[in-house]
file data.cif (mmCIF, C-alpha atoms)
data_coords
loop_
_atom_site.label_atom_id
_atom_site.label_comp_id
_atom_site.auth_asym_id
_atom_site.auth_seq_id
_atom_site.Cartn_x
_atom_site.Cartn_y
_atom_site.Cartn_z
CA MET V 12 145.49 60.33 1.63
CA VAL V 13 145.40 57.06 3.45
CA PHE V 14 148.82 55.67 4.20
CA ARG V 15 148.66 51.90 4.30
CA THR V 16 151.57 51.61 6.68
CA PHE V 17 151.75 49.21 9.61
CA PRO V 18 151.04 51.82 12.37
CA LEU V 19 147.78 52.79 10.71
CA PHE V 20 146.63 49.19 10.45
CA VAL V 21 147.04 48.86 14.18
CA ARG V 22 144.35 51.50 14.65
CA ASN V 23 141.95 49.78 12.29
CA ARG V 24 139.55 47.97 14.62
CA GLY V 25 137.13 46.78 12.03
CA PRO V 26 134.38 48.03 9.76
CA ASP V 27 131.58 48.13 12.36
CA GLU V 28 132.75 51.09 14.40
CA LEU V 29 130.27 53.46 12.81
CA TRP V 30 127.30 51.26 13.59
CA ARG V 31 128.44 50.56 17.15
CA LYS V 32 128.82 54.24 17.86
CA ARG V 33 125.64 55.18 16.06
CA ARG V 34 123.69 52.80 18.29
CA ILE V 35 124.86 54.72 21.34
CA LEU V 36 124.63 58.21 19.88
CA LYS V 37 121.06 57.57 18.78
CA LEU V 38 120.14 57.10 22.42
CA SER V 39 121.99 60.22 23.55
CA ALA V 40 120.47 62.55 20.98
CA HIS V 41 118.61 64.60 23.60
CA PHE V 42 121.45 64.92 26.14
CA HIS V 43 123.24 68.10 27.13
CA GLY V 44 126.49 69.28 25.63
CA ARG V 45 129.25 66.87 24.62
CA SER V 46 127.34 63.90 25.99
CA ARG V 47 125.21 63.90 22.89
CA ASN V 48 127.95 64.13 20.29
CA CYS V 49 131.21 62.72 21.61
CA TYR V 50 131.21 58.96 21.80
CA SER V 51 133.51 58.39 24.79
CA ILE V 52 131.46 60.75 26.92
CA ALA V 53 128.13 59.64 25.49
CA VAL V 54 128.77 55.98 26.26
CA ARG V 55 129.03 56.66 29.99
CA ALA V 56 125.97 58.91 30.00
CA VAL V 57 123.90 56.42 28.02
CA HIS V 58 124.82 53.54 30.30
CA ARG V 59 123.80 55.57 33.36
CA ALA V 60 120.57 56.58 31.68
CA LEU V 61 119.73 52.95 30.93
CA VAL V 62 120.45 51.97 34.51
CA TYR V 63 118.15 54.74 35.75
CA ALA V 64 115.46 53.60 33.36
CA THR V 65 115.72 50.05 34.71
CA LYS V 66 115.58 51.12 38.34
CA ALA V 67 112.71 53.51 37.68
CA ARG V 68 110.32 50.75 36.67
CA ALA V 69 109.82 49.77 40.32
CA LEU V 70 109.81 53.40 41.44
CA LYS V 71 107.08 54.28 38.98
CA LYS V 72 104.81 51.72 40.55
CA GLU V 73 105.53 53.15 44.00
CA ASP V 74 104.89 56.68 42.78
CA MET V 75 101.59 55.79 41.19
CA ARG V 76 100.48 54.03 44.36
CA ALA V 77 101.35 57.06 46.47
CA LEU V 78 99.47 59.30 44.05
CA TRP V 79 96.38 57.10 44.22
CA ASP V 80 96.57 57.04 48.01
CA ALA V 81 96.73 60.84 48.15
CA ARG V 82 93.81 61.20 45.74
CA LEU V 83 91.65 58.69 47.58
CA THR V 84 92.40 60.34 50.92
CA ALA V 85 91.27 63.65 49.47
CA ALA V 86 88.15 62.09 47.94
CA CYS V 87 87.18 60.44 51.24
CA GLU V 88 87.83 63.60 53.22
CA GLU V 89 85.47 65.42 50.88
CA HIS V 90 82.73 63.12 52.09
CA LYS V 91 83.95 63.53 55.69
CA PHE V 92 85.07 59.92 55.90
CA SER V 93 88.47 58.38 56.50
CA TYR V 94 90.50 56.56 53.85
CA SER V 95 91.77 53.82 56.13
CA LEU V 96 88.24 53.11 57.40
CA MET V 97 86.96 52.99 53.86
CA ARG V 98 89.58 50.46 52.77
CA GLU V 99 88.86 48.25 55.75
CA SER V 100 85.07 48.44 55.32
CA LEU V 101 85.15 47.80 51.59
CA SER V 102 87.30 44.73 52.04
CA ARG V 103 84.91 43.48 54.72
CA CYS V 104 82.02 43.92 52.28
CA ASN V 105 84.07 41.87 49.80
CA ILE V 106 84.31 44.83 47.40
CA LEU V 107 87.81 44.16 46.15
CA LEU V 108 88.39 47.32 44.13
CA ASN V 109 92.00 48.35 43.90
CA ARG V 110 93.39 51.87 44.32
CA LYS V 111 93.55 52.50 40.59
CA VAL V 112 89.89 51.68 39.97
CA LEU V 113 88.74 53.58 43.06
CA THR V 114 90.64 56.65 41.90
CA ASP V 115 89.12 56.40 38.44
CA LEU V 116 85.68 56.21 40.00
CA ALA V 117 86.37 59.15 42.26
CA ILE V 118 87.43 61.24 39.27
CA TRP V 119 85.06 60.13 36.53
CA GLU V 120 82.04 58.75 38.45
CA PRO V 121 81.79 60.88 41.60
CA ARG V 122 78.28 59.69 42.48
CA SER V 123 79.33 56.03 42.41
CA PHE V 124 82.26 56.87 44.63
CA LYS V 125 79.98 58.68 47.04
CA SER V 126 77.71 55.65 47.27
CA LEU V 127 80.74 53.44 47.94
CA VAL V 128 81.77 55.78 50.77
CA LYS V 129 78.24 55.60 52.20
CA LEU V 130 78.28 51.83 52.05
CA ALA V 131 81.67 51.71 53.71
CA TRP V 132 80.46 54.05 56.43
CA SER V 133 77.42 51.87 57.16
CA ARG V 134 79.57 48.79 57.36
CA ALA V 135 82.08 50.54 59.61
CA SER V 136 79.34 51.67 62.00
CA GLN V 137 77.78 48.24 61.94
CA ASP V 138 81.06 46.58 62.80
CA GLY V 139 82.00 49.33 65.26
CA LEU V 140 85.40 50.06 63.75
CA ASN V 141 87.82 52.30 65.60
CA GLY V 142 87.15 55.93 64.90
CA VAL V 143 83.74 55.73 63.21
CA LYS V 144 81.84 57.36 66.04
CA GLU V 145 84.12 60.42 66.02
CA LEU V 146 83.15 61.07 62.41
CA GLY V 147 79.57 61.71 63.33
CA GLU V 148 76.31 60.22 62.19
CA GLU V 149 76.47 57.81 59.28
CA PRO V 150 74.76 59.04 56.11
CA SER V 151 71.24 57.86 55.49
CA GLY V 152 70.05 56.12 52.38
CA VAL V 153 71.96 52.84 52.65
CA ILE V 154 69.38 50.08 52.54
CA THR V 155 71.04 46.89 53.63
CA ARG V 156 68.23 44.87 55.20
CA GLY V 157 70.96 43.33 57.33
CA MET V 158 72.62 41.86 54.27
CA ILE V 159 76.07 43.43 54.44
CA LYS V 160 78.10 40.87 56.36
CA MET B 25 116.25 59.15 29.60
CA SER B 26 112.72 58.06 28.88
CA ASN B 27 111.74 54.91 27.16
CA ASN B 28 109.50 56.76 24.84
CA ASN B 29 110.57 57.16 21.28
CA LEU B 30 113.84 55.37 21.31
CA PHE B 31 113.18 51.66 21.26
CA LEU B 32 109.51 51.61 20.39
CA PRO B 33 107.18 54.49 19.61
CA VAL B 34 104.43 55.08 22.09
CA GLY B 35 100.71 55.48 21.62
CA PHE B 36 97.20 54.67 22.70
CA PRO B 37 95.00 52.04 21.08
CA ARG B 38 93.16 53.66 18.22
CA ALA B 39 91.10 52.75 15.23
CA PRO B 40 92.44 55.26 12.71
CA LEU B 41 89.56 57.21 11.15
CA ALA B 42 87.17 55.07 13.21
CA ASN B 43 87.68 52.14 10.82
CA GLY B 44 85.15 49.48 11.71
CA VAL B 45 82.68 51.74 13.50
CA GLY B 46 80.71 52.06 10.31
CA ARG B 47 82.31 50.18 7.49
CA TRP B 48 85.57 48.27 7.85
CA ILE B 49 88.18 48.85 5.16
CA CYS B 50 91.10 46.47 4.98
CA GLN B 51 94.25 48.52 5.44
CA LEU B 52 96.50 45.99 3.74
CA GLN B 53 97.23 47.09 0.21
CA ARG B 54 99.83 44.66 -1.06
CA LEU B 55 101.13 41.31 0.12
CA THR B 56 104.28 39.92 -1.44
CA PHE B 57 105.29 36.28 -0.96
CA LYS B 58 108.96 35.77 -1.64
CA PHE B 59 110.14 32.17 -1.49
CA CYS B 60 112.47 29.63 -2.98
CA LYS B 61 111.00 26.79 -5.04
CA ASN B 62 113.63 24.36 -3.86
CA TYR B 63 115.11 25.15 -0.43
CA PRO B 64 113.53 23.51 2.67
CA SER B 65 113.23 26.77 4.60
CA SER B 66 110.47 27.86 2.23
CA ARG B 67 108.48 24.68 2.68
CA GLY B 68 105.78 26.16 4.88
CA MET B 69 105.30 29.03 2.49
CA ARG B 70 105.16 26.74 -0.50
CA GLU B 71 102.45 24.71 1.20
CA PHE B 72 100.51 27.85 1.99
CA LEU B 73 100.76 29.01 -1.61
CA GLU B 74 99.57 25.65 -2.81
CA PHE B 75 96.58 25.21 -0.50
CA GLU B 76 95.47 28.55 0.92
CA LEU B 77 96.50 31.31 -1.43
CA LEU B 78 93.63 31.18 -3.88
CA ASP B 79 91.02 31.07 -1.11
CA PHE B 80 92.72 34.04 0.51
CA THR B 81 92.70 36.06 -2.71
CA LYS B 82 89.08 35.27 -3.40
CA LYS B 83 88.05 36.35 0.09
CA ASN B 84 90.11 39.53 -0.09
CA PRO B 85 89.75 41.03 -3.55
CA GLY B 86 91.08 44.35 -2.25
CA ILE B 87 94.53 43.01 -1.45
CA VAL B 88 97.01 42.78 -4.31
CA VAL B 89 99.08 39.63 -3.99
CA TYR B 90 102.47 39.18 -5.58
CA VAL B 91 104.32 35.90 -5.59
CA LYS B 92 108.07 36.14 -6.10
CA PRO B 93 109.93 32.88 -6.51
CA ARG B 94 113.59 33.73 -5.96
CA ARG B 95 116.26 31.11 -5.99
CA HIS B 96 118.44 30.60 -2.87
CA ARG B 97 116.67 33.30 -0.84
CA ALA B 98 115.04 33.04 2.56
CA PRO B 99 111.25 33.23 2.42
CA ASN B 100 109.66 36.51 3.20
CA LEU B 101 106.26 38.15 3.62
CA THR B 102 106.15 41.84 2.79
CA ALA B 103 103.01 43.75 3.72
CA GLU B 104 102.39 47.25 2.45
CA TYR B 105 99.61 49.31 3.96
CA LEU B 106 97.43 52.13 2.74
CA ASN B 107 99.29 54.68 4.84
CA GLY B 108 102.63 53.69 3.27
CA GLU B 109 103.93 51.56 6.14
CA LYS B 110 105.83 48.45 5.22
CA GLN B 111 106.24 45.35 7.33
CA ILE B 112 108.54 42.48 6.48
CA VAL B 113 108.10 39.12 8.18
CA ASP B 114 110.95 36.66 7.84
CA CYS B 115 109.34 33.25 7.27
CA ARG B 116 112.42 31.06 7.28
CA ASN B 117 111.52 27.55 8.51
CA PHE B 118 107.97 28.52 9.27
CA SER B 119 105.34 25.84 9.24
CA TYR B 120 102.28 26.09 7.05
CA GLU B 121 100.14 27.06 10.06
CA GLU B 122 102.50 29.83 11.08
CA VAL B 123 102.46 31.39 7.61
CA LYS B 124 98.68 31.22 7.65
CA LYS B 125 98.52 32.98 11.02
CA TRP B 126 100.92 35.69 9.97
CA VAL B 127 98.98 36.34 6.81
CA SER B 128 95.75 36.71 8.75
CA LEU B 129 97.48 39.04 11.24
CA LEU B 130 98.85 41.25 8.49
CA ARG B 131 95.45 41.38 6.90
CA SER B 132 93.75 42.55 10.09
CA GLN B 133 96.38 45.09 11.18
CA SER B 134 96.01 48.78 10.63
CA GLY B 135 99.09 50.27 9.05
CA ARG B 136 100.11 51.93 12.27
CA GLY B 137 102.97 49.59 13.04
CA THR B 138 104.18 48.27 16.36
CA VAL B 139 103.55 50.67 19.20
CA ARG B 140 104.04 50.48 22.96
CA LEU B 141 100.55 50.94 24.37
CA LEU B 142 100.24 53.34 27.28
CA LYS B 143 96.76 52.09 28.13
CA MET B 144 95.05 48.93 27.03
CA TRP B 145 91.77 50.71 26.35
CA HIS B 146 90.43 53.80 24.73
CA THR B 147 87.13 55.56 25.19
CA ASP B 148 85.69 58.78 23.82
CA HIS B 149 83.35 59.00 26.81
CA PRO B 150 85.36 58.36 29.98
CA SER B 151 82.62 59.69 32.25
CA ILE B 152 78.91 58.94 32.43
CA GLN B 153 78.06 60.83 35.59
CA GLY B 154 80.19 63.78 34.63
CA PRO B 155 83.78 64.24 35.79
CA TRP B 156 84.57 65.53 39.23
CA SER B 157 84.82 69.24 39.82
CA PRO B 158 85.20 71.08 43.15
CA PHE B 159 81.49 71.94 43.02
CA VAL B 160 80.14 68.42 42.51
CA ASN B 161 79.97 67.53 46.19
CA ARG B 162 79.10 70.99 47.45
CA ASP B 163 75.72 72.31 48.47
CA PRO B 164 74.03 74.14 45.54
CA LYS B 165 72.89 76.82 48.00
CA LEU B 166 76.36 78.25 47.65
CA ASN B 167 75.29 79.58 44.25
CA TRP B 168 73.00 82.13 45.93
CA VAL B 169 75.36 83.26 48.64
CA GLU B 170 76.39 86.88 48.73
CA PHE B 171 79.88 87.57 49.90
CA PRO B 172 81.13 88.69 52.40
CA ASN B 173 79.30 86.06 54.45
CA GLU B 174 79.95 85.64 58.17
CA ASP B 175 79.01 81.95 58.48
CA LEU B 176 81.17 80.86 55.58
CA SER B 177 84.10 82.91 56.82
CA GLN B 178 84.41 80.79 59.96
CA PRO B 179 87.17 78.22 60.07
CA ILE B 180 85.97 74.73 59.14
CA TYR B 181 87.43 73.11 62.27
CA ILE B 182 88.17 74.81 65.56
CA GLU B 183 89.92 72.61 68.07
CA LYS B 184 88.42 72.45 71.57
CA SER B 185 90.34 74.49 74.08
CA ALA B 186 91.69 72.87 77.26
CA THR B 187 89.09 74.69 79.36
CA GLU B 188 86.24 73.29 77.28
CA LYS B 189 87.66 69.78 77.54
CA LEU B 190 87.92 70.06 81.32
CA ILE B 191 84.35 71.31 81.57
CA GLU B 192 83.20 68.31 79.47
CA ILE B 193 85.08 65.84 81.66
CA PHE B 194 83.63 67.43 84.79
CA GLU B 195 80.05 67.32 83.51
CA GLU B 196 80.46 63.68 82.46
CA GLN B 197 81.70 62.85 85.99
CA GLN B 198 78.73 64.65 87.52
CA ARG B 199 76.35 62.75 85.29
CA ILE B 200 77.83 59.40 86.32
CA GLU B 201 77.70 60.29 90.03
CA ARG B 202 74.07 61.36 89.78
CA GLN B 203 73.03 58.00 88.30
CA PRO B 204 71.26 55.75 90.84
CA LYS B 205 73.71 53.18 92.20
CA GLN B 206 72.67 49.56 91.64
CA GLU B 207 73.13 47.22 94.56
#
call {"tool": "encode", "arguments": {"input": "data.cif", "output": "C-alpha cells"}}
result
Amino acid sequence: MVFRTFPLFVRNRGPDELWRKRRILKLSAHFHGRSRNCYSIAVRAVHRALVYATKARALKKEDMRALWDARLTAACEEHKFSYSLMRESLSRCNILLNRKVLTDLAIWEPRSFKSLVKLAWSRASQDGLNGVKELGEEPSGVITRGMIK
Amino acid sequence: MSNNNLFLPVGFPRAPLANGVGRWICQLQRLTFKFCKNYPSSRGMREFLEFELLDFTKKNPGIVVYVKPRRHRAPNLTAEYLNGEKQIVDCRNFSYEEVKKWVSLLRSQSGRGTVRLLKMWHTDHPSIQGPWSPFVNRDPKLNWVEFPNEDLSQPIYIEKSATEKLIEIFEEQQRIERQPKQE
C-alpha cells in the first residue's frame, strides 16, 4: 500500500532512479560481494574502476614497450649481438623499424630478423661502435660493396 | 575493470564465412525508410527516395526495401541483416548526400555490428618463414648428440679469473717493450 502522504513525497526523487542505478550496476556486474549489487557501494567502486581504466591507457603503452624491449634483447642475444648496438646501427642504416615490427619479425620471420642483426653488426663494425669488438668477429655473408653509409 | 564487453564489444576484423573470398553475398536483408512527407527534417530522405531509390533497388535486387511514410515522425533508416542484427540510423536533418552515404554503408556492412577492433588486420598465415622456436637458431648437429655430453655440459660463459687477467696484462706489456723503438 502506497501512502500518498507528504513525508513519502519528500523521498520521491523522480522516475529515473532505476535507470540511473542500472547504468552503474551494469558496470559493476563482475565485482566482488556487495559492490556488485548495492548501489551506494557500487557507485564508489565503479568510479574507481573507471579512473583506473583511464590511467591504465598510458601504462599499457609503457608495458608493451617494456615487453618489446625484453623480447628484442633476448632475440639479439640469441644471435650473440647487443640490442643497443642493433638499434643504433639500424637507425644509422636508415632502417626505421619500430620495436613492435622488429618483435613481430623476430617471432614470425626469424630468418629476416637474423639478416637484420647481421646487417646491423656489419654497420657497427664499419662505424667502430663502442663494444662491437668485444662481441667477436662479425658474421660473414653481408655484401655491402661499401654501400651502407 | 576492463573496457571489454561493457561499452563496446571487442573483436578482430573478420569476413564472416569468408564472404567475398569466393562469392560476395550482400548481408543486408531489409532496408526500411521511415520519413514524414511534410516535415523539413525528412527533406534529405525525401530527395533520396525521389532520385536514388529506384536505381538502388535495381542494383540490389536482393535487398527488400520498405518505405514507411509516417506523419510527424523523425526520419529513420532501419537495416536488418541476415544474422538477425538490426541497426537504426536516425536521419533527422540529414542532407541527401548523407542519406546516400549511409545507405551505401549499410549495404556493405556485415551484420556483425559495431565492434572495438583489437588489431586492424587479420591473417590466416602470420608466418612465411615459420614461427620462432628454440631450435630455429640452433645448430642441427644437436639432433645427433648423445647425452650425457661433456662439451655441452660446460657453462656457456666462464669469467676470466684475476690471475688470468694479470697474466694477459703482463704479456701485453712484454710485447710492447719488445717492439723496436722508433727514433
call {"tool": "residues_around", "arguments": {"input": "data.cif", "residues": "Glu109 (chain B)", "least_positions_apart": "5", "cutoff": "12 Å", "atoms": "all atoms listed in the file", "output": "number ranges by chain"}}
result
B: 51-54, 102-104, 130, 133-138
call {"tool": "write_last_selection", "arguments": {"input": "data.cif", "atoms": "C-alpha atoms", "output": "PDB file, in the coordinates of the input"}}
result
ATOM      1  CA  GLN B  51      94.250  48.520   5.440  1.00  0.00           C
ATOM      2  CA  LEU B  52      96.500  45.990   3.740  1.00  0.00           C
ATOM      3  CA  GLN B  53      97.230  47.090   0.210  1.00  0.00           C
ATOM      4  CA  ARG B  54      99.830  44.660  -1.060  1.00  0.00           C
ATOM      5  CA  THR B 102     106.150  41.840   2.790  1.00  0.00           C
ATOM      6  CA  ALA B 103     103.010  43.750   3.720  1.00  0.00           C
ATOM      7  CA  GLU B 104     102.390  47.250   2.450  1.00  0.00           C
ATOM      8  CA  LEU B 130      98.850  41.250   8.490  1.00  0.00           C
ATOM      9  CA  GLN B 133      96.380  45.090  11.180  1.00  0.00           C
ATOM     10  CA  SER B 134      96.010  48.780  10.630  1.00  0.00           C
ATOM     11  CA  GLY B 135      99.090  50.270   9.050  1.00  0.00           C
ATOM     12  CA  ARG B 136     100.110  51.930  12.270  1.00  0.00           C
ATOM     13  CA  GLY B 137     102.970  49.590  13.040  1.00  0.00           C
ATOM     14  CA  THR B 138     104.180  48.270  16.360  1.00  0.00           C
TER      15      THR B 138
END
call {"tool": "axis_aligned_box", "arguments": {"input": "data.cif", "around": "region 117-136 of chain B", "padding_each_side": "3 Å", "output": "lines of an AutoDock Vina configuration file"}}
result
center_x = 102.6
center_y = 38.9
center_z = 9.5
size_x = 23.8
size_y = 32.1
size_z = 11.5
call {"tool": "closest_atom_pairs", "arguments": {"input": "data.cif", "of": "chain V", "to": "chain B", "cutoff": "8 Å", "atoms": "all atoms listed in the file", "output": "CSV"}}
result
residue,atom,partner,partner_atom,distance
V:Lys37,CA,B:Leu30,CA,8.0
V:Leu38,CA,B:Leu30,CA,6.6
V:Ala60,CA,B:Met25,CA,5.4
V:Leu61,CA,B:Met25,CA,7.2
V:Tyr63,CA,B:Met25,CA,7.8
V:Ala64,CA,B:Met25,CA,6.8
V:Glu89,CA,B:Asn161,CA,7.5
V:His90,CA,B:Asn161,CA,7.9
V:Ala117,CA,B:Trp156,CA,7.3
V:Ile118,CA,B:Trp156,CA,5.2
V:Trp119,CA,B:Pro155,CA,4.4
V:Glu120,CA,B:Gln153,CA,5.3
V:Pro121,CA,B:Trp156,CA,5.9
V:Arg122,CA,B:Gln153,CA,7.0
call {"tool": "atom_distance", "arguments": {"input": "data.cif", "atom1": "CA of Lys189 (chain B)", "atom2": "CA of Glu174 (chain B)"}}
result
26.2 Å
call {"tool": "closest_residue", "arguments": {"input": "data.cif", "among": "V:Ala67, V:Met75, V:Ala131, V:Leu140", "to": "Arg98 (chain V)", "atoms": "only C-alpha atoms"}}
result
V:Ala131
call {"tool": "resolve_selection", "arguments": {"input": "data.cif", "expression": "the PyMOL selection byres ((chain V and resi 55) around 12)", "output": "list of chain:residue names"}}
result
V:Ile35, V:Leu36, V:Leu38, V:Ser39, V:Phe42, V:Arg45, V:Ser46, V:Arg47, V:Cys49, V:Tyr50, V:Ser51, V:Ile52, V:Ala53, V:Val54, V:Ala56, V:Val57, V:His58, V:Arg59, V:Ala60, V:Leu61, V:Val62
call {"tool": "atom_distance", "arguments": {"input": "data.cif", "atom1": "CA of Ile106 (chain V)", "atom2": "CA of Leu127 (chain V)"}}
result
9.3 Å
call {"tool": "resolve_selection", "arguments": {"input": "data.cif", "expression": "the PyMOL selection byres ((chain V and resi 146) around 12)", "output": "count of residues only"}}
result
20
call {"tool": "residues_near_point", "arguments": {"input": "data.cif", "point": "(98.2, 49.4, 25.9)", "cutoff": "10 Å", "atoms": "only C-alpha atoms", "output": "ChimeraX atom specification"}}
result
/B:34-37,139-146
call {"tool": "resolve_selection", "arguments": {"input": "data.cif", "expression": "the PyMOL selection byres ((chain B and resi 70-77) around 8)", "output": "list of chain:residue names"}}
result
B:Phe59, B:Lys61, B:Ser66, B:Arg67, B:Gly68, B:Met69, B:Leu78, B:Asp79, B:Phe80, B:Thr81, B:Tyr120, B:Val123, B:Lys124
call {"tool": "atom_distance", "arguments": {"input": "data.cif", "atom1": "CA of Val89 (chain B)", "atom2": "CA of Leu55 (chain B)"}}
result
4.9 Å
call {"tool": "closest_residue", "arguments": {"input": "data.cif", "among": "B:Asn117, B:Ser132, B:Asn62, B:Asn43", "to": "Tyr105 (chain B)", "atoms": "only C-alpha atoms"}}
result
B:Ser132
call {"tool": "residues_around", "arguments": {"input": "data.cif", "residues": "Leu83 (chain V)", "least_positions_apart": "2", "cutoff": "9 Å", "atoms": "all atoms listed in the file", "output": "list in words"}}
result
Leu78, Trp79, Asp80, Ala81, Ala85, Ala86, Cys87, Glu88, Tyr94, Arg110, Leu113, Thr114 and Ala117 of chain V
call {"tool": "decode", "arguments": {"input": "data.cif", "residues": "region 54-62 of chain V", "atoms": "all heavy atoms", "output": "tab-separated table (two decimals), in the first residue's frame"}}
result
chain	number	residue	atom	x	y	z
V	54	VAL	N	28.64	2.42	-6.57
V	54	VAL	CA	28.97	3.70	-7.20
V	54	VAL	C	30.44	4.05	-6.97
V	54	VAL	O	31.17	4.43	-7.89
V	54	VAL	CB	28.03	4.80	-6.66
V	54	VAL	CG1	28.76	6.06	-6.37
V	54	VAL	CG2	26.93	5.08	-7.64
V	55	ARG	N	30.88	3.88	-5.72
V	55	ARG	CA	32.27	4.21	-5.40
V	55	ARG	C	33.22	3.29	-6.15
V	55	ARG	O	34.22	3.73	-6.74
V	55	ARG	CB	32.52	4.11	-3.90
V	55	ARG	CG	31.75	5.15	-3.10
V	55	ARG	CD	32.26	5.18	-1.67
V	55	ARG	NE	31.74	4.08	-0.86
V	55	ARG	CZ	30.67	4.15	-0.09
V	55	ARG	NH1	29.97	5.25	-0.03
V	55	ARG	NH2	30.29	3.09	0.62
V	56	ALA	N	32.89	1.99	-6.14
V	56	ALA	CA	33.77	1.02	-6.80
V	56	ALA	C	33.84	1.27	-8.30
V	56	ALA	O	34.91	1.17	-8.91
V	56	ALA	CB	33.28	-0.39	-6.52
V	57	VAL	N	32.70	1.60	-8.89
V	57	VAL	CA	32.67	1.83	-10.34
V	57	VAL	C	33.48	3.08	-10.70
V	57	VAL	O	34.24	3.08	-11.67
V	57	VAL	CB	31.21	1.96	-10.84
V	57	VAL	CG1	31.15	2.60	-12.19
V	57	VAL	CG2	30.56	0.61	-10.87
V	58	HIS	N	33.34	4.12	-9.90
V	58	HIS	CA	34.10	5.33	-10.20
V	58	HIS	C	35.60	5.07	-10.12
V	58	HIS	O	36.38	5.52	-10.96
V	58	HIS	CB	33.71	6.46	-9.25
V	58	HIS	CG	32.37	7.05	-9.58
V	58	HIS	ND1	31.64	7.80	-8.70
V	58	HIS	CD2	31.62	6.97	-10.71
V	58	HIS	CE1	30.50	8.17	-9.27
V	58	HIS	NE2	30.48	7.67	-10.48
V	59	ARG	N	36.02	4.30	-9.11
V	59	ARG	CA	37.46	3.97	-9.01
V	59	ARG	C	37.90	3.15	-10.20
V	59	ARG	O	38.98	3.36	-10.76
V	59	ARG	CB	37.73	3.18	-7.73
V	59	ARG	CG	37.32	3.92	-6.48
V	59	ARG	CD	38.00	3.37	-5.28
V	59	ARG	NE	39.33	3.92	-5.17
V	59	ARG	CZ	40.38	3.28	-4.70
V	59	ARG	NH1	40.26	2.05	-4.28
V	59	ARG	NH2	41.54	3.86	-4.63
V	60	ALA	N	37.05	2.20	-10.58
V	60	ALA	CA	37.40	1.34	-11.71
V	60	ALA	C	37.57	2.15	-12.99
V	60	ALA	O	38.49	1.92	-13.77
V	60	ALA	CB	36.33	0.27	-11.89
V	61	LEU	N	36.69	3.13	-13.18
V	61	LEU	CA	36.79	3.97	-14.38
V	61	LEU	C	38.06	4.81	-14.35
V	61	LEU	O	38.72	5.00	-15.38
V	61	LEU	CB	35.56	4.87	-14.50
V	61	LEU	CG	34.27	4.17	-14.90
V	61	LEU	CD1	33.09	5.10	-14.76
V	61	LEU	CD2	34.35	3.66	-16.31
V	62	VAL	N	38.40	5.28	-13.16
V	62	VAL	CA	39.64	6.07	-13.05
V	62	VAL	C	40.85	5.21	-13.38
V	62	VAL	O	41.75	5.63	-14.11
V	62	VAL	CB	39.76	6.66	-11.62
V	62	VAL	CG1	41.16	7.20	-11.38
V	62	VAL	CG2	38.74	7.75	-11.40
